[in-house]
$ cat protein_36.cif   # mmCIF, C-alpha atoms
data_data
loop_
_atom_site.label_atom_id
_atom_site.label_comp_id
_atom_site.auth_asym_id
_atom_site.auth_seq_id
_atom_site.Cartn_x
_atom_site.Cartn_y
_atom_site.Cartn_z
CA MET G 666 123.98 96.03 108.70
CA ALA G 667 122.34 93.06 110.45
CA ASN G 668 119.72 95.35 111.97
CA LYS G 669 119.06 97.30 108.79
CA PRO G 670 115.33 97.58 108.20
CA GLN G 671 113.84 96.08 105.08
CA ILE G 672 113.81 98.63 102.31
CA ARG G 673 111.38 98.83 99.48
CA THR G 674 111.63 101.89 97.35
CA ASN G 675 108.76 102.67 95.00
CA ASN G 676 107.71 99.00 94.74
CA SER G 677 104.19 97.83 95.27
CA ALA G 678 103.50 96.41 98.69
CA LEU G 679 100.51 94.88 100.38
CA ILE G 680 98.46 95.54 103.46
CA ALA G 681 98.10 92.67 105.91
CA MET G 682 95.09 92.34 108.20
CA ILE G 683 94.47 90.54 111.48
CA ALA G 684 90.86 91.29 112.28
CA ASP G 685 87.32 89.98 112.55
CA GLU G 686 85.41 88.59 109.58
CA ASP G 687 83.42 91.73 108.77
CA THR G 688 86.47 93.97 108.76
CA ILE G 689 88.39 91.56 106.53
CA THR G 690 85.37 91.22 104.22
CA GLY G 691 85.15 94.98 103.83
CA PHE G 692 88.80 95.46 103.05
CA LEU G 693 88.81 92.55 100.63
CA LEU G 694 85.96 94.28 98.80
CA ALA G 695 88.27 97.29 98.58
CA GLY G 696 90.71 95.11 96.62
CA VAL G 697 93.55 94.43 99.05
CA GLY G 698 93.23 90.64 99.16
CA ASN G 699 96.28 88.75 97.92
CA VAL G 700 96.83 85.01 97.64
CA ASP G 701 100.24 83.75 96.56
CA LEU G 702 101.11 80.57 94.72
CA ARG G 703 101.42 78.69 98.02
CA ARG G 704 97.85 79.81 98.84
CA LYS G 705 99.08 82.04 101.64
CA THR G 706 96.88 85.03 102.22
CA ASN G 707 97.68 88.49 103.51
CA TYR G 708 95.00 88.29 106.18
CA LEU G 709 93.97 86.29 109.22
CA ILE G 710 90.33 86.14 110.27
CA VAL G 711 90.12 86.13 114.04
CA ASP G 712 87.16 84.17 115.36
CA SER G 713 86.40 82.05 118.39
CA LYS G 714 88.46 79.13 117.06
CA ILE G 715 91.68 81.07 116.57
CA THR G 716 94.28 80.69 119.31
CA VAL G 717 96.62 83.36 120.66
CA LYS G 718 99.55 81.35 119.28
CA GLN G 719 98.08 81.54 115.78
CA ILE G 720 97.66 85.29 116.12
CA GLU G 721 101.25 85.63 117.33
CA ASP G 722 102.53 83.55 114.43
CA ALA G 723 100.55 85.58 111.93
CA PHE G 724 101.82 88.85 113.41
CA LYS G 725 105.41 87.65 113.31
CA GLU G 726 105.02 86.41 109.76
CA PHE G 727 103.40 89.61 108.45
CA THR G 728 105.98 91.84 110.13
CA SER G 729 108.85 89.87 108.66
CA ARG G 730 107.58 89.78 105.06
CA ASP G 731 109.21 92.34 102.80
CA ASP G 732 106.15 92.67 100.54
CA ILE G 733 103.93 94.09 103.31
CA ALA G 734 103.84 97.83 103.99
CA ILE G 735 101.10 98.11 106.59
CA VAL G 736 99.67 95.65 109.12
CA LEU G 737 96.15 96.43 110.26
CA ILE G 738 95.21 94.74 113.50
CA SER G 739 92.01 95.10 115.47
CA GLN G 740 92.81 96.63 118.82
CA TYR G 741 91.12 93.89 120.82
CA VAL G 742 93.29 91.35 118.95
CA ALA G 743 96.38 93.49 119.56
CA ASN G 744 95.56 93.39 123.26
CA MET G 745 95.90 89.60 123.16
CA ILE G 746 99.49 89.94 121.92
CA ARG G 747 100.21 93.32 123.50
CA PHE G 748 103.78 92.47 124.46
CA LEU G 749 104.59 91.59 120.85
CA VAL G 750 102.91 94.67 119.38
CA ASP G 751 104.47 97.09 121.88
CA SER G 752 107.94 95.67 121.37
CA TYR G 753 107.74 96.18 117.61
CA HIS G 754 109.61 99.35 116.61
CA LYS G 755 110.43 99.04 112.91
CA PRO G 756 109.19 101.76 110.54
CA ILE G 757 108.02 99.19 107.97
CA PRO G 758 105.64 97.55 108.01
CA ALA G 759 103.66 100.15 109.93
CA ILE G 760 101.39 98.64 112.58
CA LEU G 761 97.99 100.31 112.87
CA GLU G 762 95.48 99.36 115.52
CA ILE G 763 91.90 99.76 114.39
CA PRO G 764 88.58 99.43 116.19
CA SER G 765 86.26 96.52 115.63
CA LYS G 766 82.47 96.32 115.66
CA ASP G 767 82.26 95.16 119.25
CA HIS G 768 85.34 96.93 120.63
CA PRO G 769 85.62 100.68 120.03
CA TYR G 770 89.04 102.29 119.74
CA ASP G 771 90.75 103.04 123.04
CA ALA G 772 93.58 105.55 122.77
CA ALA G 773 95.00 104.36 126.10
CA HIS G 774 95.91 100.99 124.56
CA ASP G 775 97.26 102.24 121.23
CA SER G 776 100.90 101.17 120.89
CA VAL G 777 101.96 104.41 119.17
CA LEU G 778 100.31 106.64 121.77
CA SER G 779 101.69 104.45 124.58
CA ARG G 780 105.18 105.15 123.32
CA VAL G 781 104.73 108.90 123.18
CA LYS G 782 102.72 109.39 126.37
CA TYR G 783 106.02 109.54 128.25
CA LEU G 784 106.20 113.18 127.22
CA PHE G 785 102.87 113.86 128.89
CA ASN G 786 103.90 112.27 132.14
CA THR G 787 104.68 115.39 134.21
CA GLU G 788 106.74 113.48 136.79
CA SER G 789 109.13 112.01 134.22
CA VAL G 790 109.51 115.31 132.38
CA ALA G 791 110.06 117.24 135.59
CA SER G 792 112.69 114.78 136.81
CA ASP G 793 114.57 115.14 133.50
CA ARG G 794 114.66 118.88 133.87
CA ARG G 795 116.10 118.83 137.41
CA MET W 425 131.03 139.78 120.82
CA ARG W 426 131.38 136.16 121.90
CA SER W 427 128.51 136.42 124.33
CA SER W 428 126.21 137.80 121.61
CA GLU W 429 127.20 134.93 119.30
CA ASN W 430 126.52 132.45 122.07
CA GLY W 431 123.21 134.20 122.70
CA ILE W 432 122.23 133.88 119.03
CA GLU W 433 123.15 130.19 118.95
CA SER W 434 121.21 129.41 122.11
CA SER W 435 118.13 131.26 120.83
CA LYS W 436 118.35 129.24 117.59
CA GLU W 437 118.52 126.02 119.62
CA ILE W 438 115.52 127.07 121.68
CA SER W 439 113.45 127.89 118.58
CA GLN W 440 114.43 124.55 116.98
CA SER W 441 113.44 122.79 120.16
CA GLU W 442 110.10 124.59 120.25
CA GLU W 443 109.54 123.75 116.61
CA ASN W 444 110.09 120.08 117.36
CA VAL W 445 107.58 120.21 120.19
CA ILE W 446 105.04 121.95 117.96
CA ASN W 447 105.58 119.35 115.22
CA PHE W 448 105.07 116.59 117.76
CA LEU W 449 101.83 118.07 119.12
CA ASP W 450 100.58 118.80 115.61
CA SER W 451 101.25 115.21 114.49
CA MET W 452 99.55 113.81 117.56
CA ASP W 453 96.47 115.97 117.00
CA THR W 454 96.27 114.91 113.35
CA TYR W 455 96.75 111.26 114.31
CA LEU W 456 93.84 111.35 116.75
CA ILE W 457 91.58 113.15 114.27
CA LEU W 458 92.38 110.61 111.56
CA VAL W 459 91.78 107.66 113.89
CA ASP W 460 88.38 109.13 114.67
CA SER W 461 87.65 109.51 110.94
CA LEU W 462 88.70 105.91 110.40
CA SER W 463 86.35 104.73 113.14
CA SER W 464 83.48 106.57 111.43
CA ALA W 465 84.30 105.11 108.01
CA LEU W 466 84.55 101.60 109.44
CA ARG W 467 81.28 101.95 111.33
CA GLN W 468 79.57 103.03 108.13
CA GLY W 469 81.10 100.07 106.30
CA TRP W 470 80.03 97.56 108.95
CA PHE W 471 76.51 98.92 108.94
CA GLU W 472 76.26 98.67 105.16
CA LEU W 473 77.73 95.18 105.23
CA ALA W 474 75.13 94.13 107.77
CA SER W 475 72.41 95.58 105.51
CA ALA W 476 73.84 93.74 102.51
CA ARG W 477 73.93 90.51 104.50
CA GLN W 478 70.32 91.01 105.49
CA SER W 479 69.15 91.60 101.92
CA MET W 480 71.30 88.93 100.25
CA GLY W 481 71.28 86.37 103.04
CA ALA W 482 74.05 85.32 105.39
CA SER W 483 75.00 82.35 103.21
CA ARG W 484 75.84 84.70 100.34
CA VAL W 485 78.00 87.12 102.33
CA ASN W 486 80.50 85.25 104.46
CA SER W 487 84.17 84.32 104.58
CA SER W 488 83.68 80.86 103.04
CA LEU W 489 83.18 82.62 99.69
CA PHE W 490 86.54 84.40 99.75
CA ASP W 491 88.64 83.81 96.68
CA LEU W 492 91.47 81.50 97.73
CA LYS W 493 92.86 80.98 94.24
CA SER W 494 96.20 82.61 93.59
CA HIS W 495 95.68 86.27 92.70
CA HIS W 496 97.37 89.62 93.21
CA ALA W 497 95.86 92.45 95.19
CA SER W 498 94.47 95.14 92.92
CA THR W 499 94.91 97.81 95.58
CA THR W 500 98.48 98.10 96.77
CA PHE W 501 100.80 100.59 98.40
CA GLN W 502 103.99 102.27 97.42
CA VAL W 503 106.59 102.94 100.05
CA ASP W 504 109.01 105.77 99.47
CA GLU W 505 112.11 105.85 101.64
CA HIS W 506 114.34 107.99 99.47
CA GLU W 507 114.69 110.80 101.97
CA ASP W 508 114.77 108.98 105.27
CA ILE W 509 114.66 105.32 106.19
CA GLU W 510 112.94 106.13 109.50
CA LEU W 511 110.33 108.31 107.80
CA PRO W 512 108.74 106.19 105.07
CA HIS W 513 106.00 107.68 102.95
CA PHE W 514 103.05 105.54 101.90
CA THR W 515 100.95 106.07 98.79
CA LEU W 516 97.81 104.17 97.86
CA CYS W 517 97.53 102.67 94.38
CA LYS W 518 93.94 101.63 93.78
CA TRP W 519 92.37 99.19 91.39
CA ALA W 520 95.27 98.13 89.26
CA SER W 521 94.93 94.98 87.22
CA SER W 522 95.03 92.00 89.54
CA ASP W 523 95.95 89.75 86.62
CA ASP W 524 99.18 91.51 85.80
CA PRO W 525 100.64 93.58 88.62
CA GLU W 526 103.23 95.11 86.26
CA LYS W 527 100.47 96.93 84.37
CA TYR W 528 99.12 98.74 87.39
CA SER W 529 101.43 101.71 87.83
CA GLU W 530 100.42 104.91 86.10
CA GLU W 531 96.80 104.11 85.36
CA ALA W 532 95.82 103.29 88.90
CA LYS W 533 97.73 106.26 90.31
CA PHE W 534 95.98 108.58 87.87
CA GLU W 535 92.66 107.30 89.10
CA GLU W 536 93.73 107.97 92.66
CA ASP W 537 94.54 111.52 91.63
CA GLU W 538 91.04 111.94 90.20
CA LEU W 539 89.46 110.64 93.37
CA LEU W 540 91.55 112.95 95.53
CA ARG W 541 90.63 115.91 93.36
CA ASN W 542 86.95 115.12 93.71
CA LYS W 543 87.35 114.99 97.47
CA SER W 544 89.55 118.05 97.71
CA ASP W 545 86.56 120.29 98.47
CA SER W 546 85.95 118.60 101.80
CA PRO W 547 88.39 119.62 104.53
CA ARG W 548 90.83 116.89 105.47
CA PRO W 549 93.64 117.19 107.97
CA GLN W 550 96.33 115.58 105.85
CA GLN W 551 96.48 115.24 102.11
CA ARG W 552 99.90 116.57 101.27
CA GLY W 553 101.65 113.26 100.75
CA ALA W 554 99.24 111.57 98.39
CA THR W 555 98.56 114.74 96.38
CA SER W 556 102.23 115.44 95.69
CA HIS W 557 102.63 111.94 94.27
CA CYS W 558 99.42 112.09 92.28
CA SER W 559 100.46 115.12 90.19
CA GLU W 560 103.62 113.25 89.20
CA TYR W 561 101.52 110.27 88.20
CA GLN W 562 99.23 112.45 86.13
CA GLU W 563 102.19 113.59 84.09
CA ARG W 564 103.34 110.03 83.62
CA SER W 565 99.85 108.98 82.58
CA ALA W 566 99.71 111.74 79.99
CA GLU W 567 103.06 110.63 78.65
CA ILE W 568 101.96 107.05 78.11
CA GLY W 569 98.71 108.22 76.52
CA GLY W 570 96.40 107.05 79.28
CA SER W 571 92.91 108.48 79.26
CA PRO W 572 90.46 108.98 82.14
CA VAL W 573 87.90 106.77 80.43
CA LYS W 574 90.32 103.85 80.17
CA VAL W 575 91.27 104.27 83.82
CA ASP W 576 87.63 104.35 84.90
CA ASN W 577 86.99 101.11 83.00
CA GLN W 578 89.96 99.43 84.66
CA ALA W 579 88.85 100.54 88.12
CA GLU W 580 85.26 99.46 87.51
CA LYS W 581 86.43 96.10 86.19
CA GLU W 582 88.48 95.48 89.31
CA ARG W 583 85.68 96.67 91.59
CA PHE W 584 83.32 94.24 89.87
CA LYS W 585 85.85 91.43 90.32
CA SER W 586 85.99 92.08 94.04
CA LEU W 587 82.22 92.13 94.33
CA SER W 588 81.80 89.03 92.19
CA MET W 589 83.18 86.71 94.86
CA PHE W 590 79.74 87.14 96.43
CA GLY W 591 77.89 86.39 93.19
CA ALA W 592 77.10 88.08 89.89
CA LEU W 593 74.18 90.08 91.28
CA VAL W 594 74.89 91.86 94.51
CA SER W 595 72.94 94.24 96.65
CA PRO W 596 73.63 97.98 96.24
CA LYS W 597 74.45 97.89 99.95
CA LEU W 598 77.46 95.71 99.17
CA ARG W 599 78.68 98.32 96.68
CA ALA W 600 78.20 100.94 99.36
CA THR W 601 80.24 98.76 101.72
CA GLN W 602 83.00 98.66 99.13
CA SER W 603 83.00 102.47 98.88
CA SER W 604 83.14 102.89 102.65
CA PHE W 605 86.09 100.55 102.98
CA GLU W 606 87.85 102.24 100.07
CA LYS W 607 87.50 105.48 101.99
CA ALA W 608 88.77 103.74 105.12
CA LEU W 609 91.83 102.59 103.15
CA GLU W 610 92.64 106.16 102.16
CA ILE W 611 92.45 107.18 105.80
CA VAL W 612 94.68 104.24 106.74
CA VAL W 613 97.35 105.56 104.38
CA GLU W 614 97.12 109.03 105.88
CA ILE W 615 97.37 107.59 109.39
CA SER W 616 100.46 105.59 108.36
CA ASN W 617 102.15 108.77 107.12
CA VAL W 618 101.22 110.77 110.20
CA ARG W 619 102.37 107.89 112.42
CA SER W 620 105.83 108.07 110.88
CA SER W 621 106.12 111.82 111.45
CA LEU W 622 104.68 111.52 114.97
CA LEU W 623 107.25 108.94 116.00
CA ARG W 624 110.01 110.89 114.33
CA SER W 625 109.15 114.15 116.12
CA TYR W 626 108.75 112.24 119.40
CA ASP W 627 112.28 110.87 119.03
CA GLN W 628 113.59 114.39 118.40
CA VAL W 629 111.87 115.86 121.46
CA HIS W 630 112.90 112.92 123.60
CA GLU W 631 116.51 113.31 122.48
CA GLU W 632 116.47 116.99 123.40
CA LEU W 633 115.09 116.24 126.82
CA LYS W 634 117.87 113.72 127.41
CA ASN W 635 120.50 116.23 126.30
CA THR W 636 119.24 118.84 128.76
CA LYS W 637 119.84 116.48 131.73
#

$ encode --input "protein_36.cif" --output "structure tokens"
Amino acid sequence: MANKPQIRTNNSALIAMIADEDTITGFLLAGVGNVDLRRKTNYLIVDSKITVKQIEDAFKEFTSRDDIAIVLISQYVANMIRFLVDSYHKPIPAILEIPSKDHPYDAAHDSVLSRVKYLFNTESVASDRR
Amino acid sequence: MRSSENGIESSKEISQSEENVINFLDSMDTYLILVDSLSSALRQGWFELASARQSMGASRVNSSLFDLKSHHASTTFQVDEHEDIELPHFTLCKWASSDDPEKYSEEAKFEEDELLRNKSDSPRPQQRGATSHCSEYQERSAEIGGSPVKVDNQAEKERFKSLSMFGALVSPKLRATQSSFEKALEIVVEISNVRSSLLRSYDQVHEELKNTK
């Protein structure tokens, strides 16, 4: 029971974003911005002044909130906290790595594809079959 | 007799195993296609945003103008875990009232249904999840007496609210940016659903490989 994932059934949930200013601006225009009574937002704008610790804290906070369904994170930002992103295995919120303007998407770094590439590693598959 | 029964069981296991592998490869293919679509939608959005910034001026389109007063998101998601906790299903609910989140339900979902219908002519890899929910919402909307015109007004009102944080008069490029990112959001939802099924089918295949050791 202690490890039971957070469950929301048919309730509205938010999308959280950890990305550059332009990406956040675009998604806020699409209506996903949320500010609660404590003035906490569901996004973190990553610029030159943001530290890795702040990104880590934001990631941990967004993945522990039960009102967030999806966390969008720019892949270059995810690379800064790769150990945290790759060690996250809960179904909700879903973590999606997205490209940014200056950093195109690289499938080799995607956390989901990294998990499943084991099946494409011929040595590991062959050793299992022996 | 026993050997034929054993033969039938083992052939069933093999076909189930092959089905799992096919599901896994199918999900992975869809995932990669959707990620590529998302990249295209985002690139379009960034380009239009840059154009809007050029026509309106950088001081009118920047993060210092974001609305930091308490408000609810008008575009939210529904997470359905009835069938399987490890296989959640996400549905997008667009342009509900940001003033009263309780009012959003059927009206916004009906609007999503209309948008999906308009886009149903163009081939998309995955639409099954959102479409199955939208027909249910259409029935609910009809029950509560919602009309398409009312829904359109609500959606337009919320779109205008989002744009208005950059001023009352905005460049058409900013509206185009909004459309591109709305499209990107729809793709994000599809990717989230495919991600769940990809990881689920991976676990199944991985489990079978371990059992054959």

$ interface_residues --input "protein_36.cif" --of "chain G" --to "chain W" --cutoff "8 Å" --atoms "all atoms listed in the file" --output "VMD selection string"
chain G and resid 672 to 680 686 to 688 690 to 704 706 734 to 735 756 to 757 759 761 763 to 764 766 770 777 781 784 790 793 to 795

$ atom_distance --input "protein_36.cif" --atom1 "atom CA of Glu632 of chain W" --atom2 "atom CA of Ser434 of chain W"
13.4 Å

$ resolve_selection --input "protein_36.cif" --expression "the PyMOL selection byres ((chain G and resi 711-719) around 7)" --output "list of chain:residue names"
G:Ile683, G:Ala684, G:Asp685, G:Glu686, G:Leu709, G:Ile710, G:Ile720, G:Glu721, G:Asp722, G:Ala723, G:Met745

$ write_last_selection --input "protein_36.cif" --atoms "C-alpha atoms" --output "PDB file, in the coordinates of the input"
ATOM      1  CA  ILE G 683      94.470  90.540 111.480  1.00  0.00           C
ATOM      2  CA  ALA G 684      90.860  91.290 112.280  1.00  0.00           C
ATOM      3  CA  ASP G 685      87.320  89.980 112.550  1.00  0.00           C
ATOM      4  CA  GLU G 686      85.410  88.590 109.580  1.00  0.00           C
ATOM      5  CA  LEU G 709      93.970  86.290 109.220  1.00  0.00           C
ATOM      6  CA  ILE G 710      90.330  86.140 110.270  1.00  0.00           C
ATOM      7  CA  ILE G 720      97.660  85.290 116.120  1.00  0.00           C
ATOM      8  CA  GLU G 721     101.250  85.630 117.330  1.00  0.00           C
ATOM      9  CA  ASP G 722     102.530  83.550 114.430  1.00  0.00           C
ATOM     10  CA  ALA G 723     100.550  85.580 111.930  1.00  0.00           C
ATOM     11  CA  MET G 745      95.900  89.600 123.160  1.00  0.00           C
TER      12      MET G 745
END

$ atom_distance --input "protein_36.cif" --atom1 "atom CA of Lys782 of chain G" --atom2 "atom CA of Val736 of chain G"
22.3 Å

$ atom_distance --input "protein_36.cif" --atom1 "atom CA of Val594 of chain W" --atom2 "atom CA of Ala476 of chain W"
8.3 Å

$ resolve_selection --input "protein_36.cif" --expression "the PyMOL selection byres ((chain G and resi 744) around 12)" --output "PDB file with C-alpha atoms, in the coordinates of the input"
ATOM      1  CA  VAL G 717      96.620  83.360 120.660  1.00  0.00           C
ATOM      2  CA  ILE G 720      97.660  85.290 116.120  1.00  0.00           C
ATOM      3  CA  GLU G 721     101.250  85.630 117.330  1.00  0.00           C
ATOM      4  CA  ILE G 738      95.210  94.740 113.500  1.00  0.00           C
ATOM      5  CA  SER G 739      92.010  95.100 115.470  1.00  0.00           C
ATOM      6  CA  GLN G 740      92.810  96.630 118.820  1.00  0.00           C
ATOM      7  CA  TYR G 741      91.120  93.890 120.820  1.00  0.00           C
ATOM      8  CA  VAL G 742      93.290  91.350 118.950  1.00  0.00           C
ATOM      9  CA  ALA G 743      96.380  93.490 119.560  1.00  0.00           C
ATOM     10  CA  MET G 745      95.900  89.600 123.160  1.00  0.00           C
ATOM     11  CA  ILE G 746      99.490  89.940 121.920  1.00  0.00           C
ATOM     12  CA  ARG G 747     100.210  93.320 123.500  1.00  0.00           C
ATOM     13  CA  PHE G 748     103.780  92.470 124.460  1.00  0.00           C
ATOM     14  CA  LEU G 749     104.590  91.590 120.850  1.00  0.00           C
ATOM     15  CA  VAL G 750     102.910  94.670 119.380  1.00  0.00           C
ATOM     16  CA  ASP G 751     104.470  97.090 121.880  1.00  0.00           C
ATOM     17  CA  GLU G 762      95.480  99.360 115.520  1.00  0.00           C
ATOM     18  CA  ILE G 763      91.900  99.760 114.390  1.00  0.00           C
ATOM     19  CA  PRO G 764      88.580  99.430 116.190  1.00  0.00           C
ATOM     20  CA  HIS G 768      85.340  96.930 120.630  1.00  0.00           C
ATOM     21  CA  TYR G 770      89.040 102.290 119.740  1.00  0.00           C
ATOM     22  CA  ASP G 771      90.750 103.040 123.040  1.00  0.00           C
ATOM     23  CA  ALA G 773      95.000 104.360 126.100  1.00  0.00           C
ATOM     24  CA  HIS G 774      95.910 100.990 124.560  1.00  0.00           C
ATOM     25  CA  ASP G 775      97.260 102.240 121.230  1.00  0.00           C
ATOM     26  CA  SER G 776     100.900 101.170 120.890  1.00  0.00           C
TER      27      SER G 776
END

$ resolve_selection --input "protein_36.cif" --expression "the PyMOL selection byres ((chain G and resi 730) around 10)" --output "ChimeraX atom specification"
/G:671,679,681,725-729,731-734,757-758
